[in-house]
Amino acid sequence: MATRRGDPPSSRQGDAGKSRRGGRRASGRFQITAHALDGLLKHEAEFLADALSTHFHLPIPRIIRPFPTELPQLDLHIERLDDVFETEGDALLHMEHQSDHTPDTLPRFLQYDAALHRATKKAIYTAVIYGPNVRRAPSSIRMPGWTYRVHNIYLGRRDGDRVYRALQRALAAGTPLTSGQRIDLVFQPLMRQKRRPQAKVFRDAVEQAGLLPEPDRERAIGSLLVLAYHVLGETALNSMVEELMATNLLVKVLGEHIEKGFQQGLEQGIEQGAVQAR
């Protein structure tokens, strides 16, 4: 059965190499819903826009909007698609986040992209964003008569601590961040770190993003929350959301989605808790 957006990462099967972690469904007060996640994905699409081409120098068209993957024709055992975006030129960008690489990684992405193309008949660009544990990985499968190729981004080659300190200095001085620095701010949790655990890096990045002017602030925080969902799992995301509830940042990030999405999640959490208590 295909995974629907908003399902917990722990419910998605068949991928030991994925970067998501966590076992049980979140048991806190808030549970991310498909509606709220859609709001975050819109911020991610706006934030990334042309970042893959300008910052990472990949031949990928500008991102326009998230692409809905909950299509009936995509119900073909695709358990773990990360993000799919519509791009200029009527194409799709399939973006995956990986903590490691296994012999099954590229064949699995090939299966995803073939299914996505069969359902949409659109050209598909695939970008694989590797975390701190991967410095090199294959980018193609070559067969007689055809080649499947993805674009690899190795964030683990960057020094996350150095990036964090540089951003701190710029923000403390009130210096406007360049587009490249804003991209570094969001992706620093996937860079190599010496001391800080990844969850702490995410929280530090959200704190830095909160100092950005609008609309960069909302787009950066939304992107970080989506990234945390993919990398840390739903439980960690819900914990980060609860912390943001103490500020007005979450209201600005999600807007109407907070009332529709997180209120729904709150009601679901209360209902599940009541069932478990019986």
# chains A, B, ... in the order shown; residues from 1 in each chain; ligands from 1
>>> select_by_dssp(residues="stretch 6-239 of chain A", states="strand (DSSP E)", output="MDAnalysis selection string")
chainID A and resid 63:66 83:87 91:98 124:130 140:143 146:149 151:154
>>> residues_around(residues="stretch 123-137 of chain A", least_positions_apart="3", cutoff="8 Å", atoms="only C-alpha atoms", output="PyMOL selection string")
chain A and resi 60+90-101+113+117+149-157+190-193
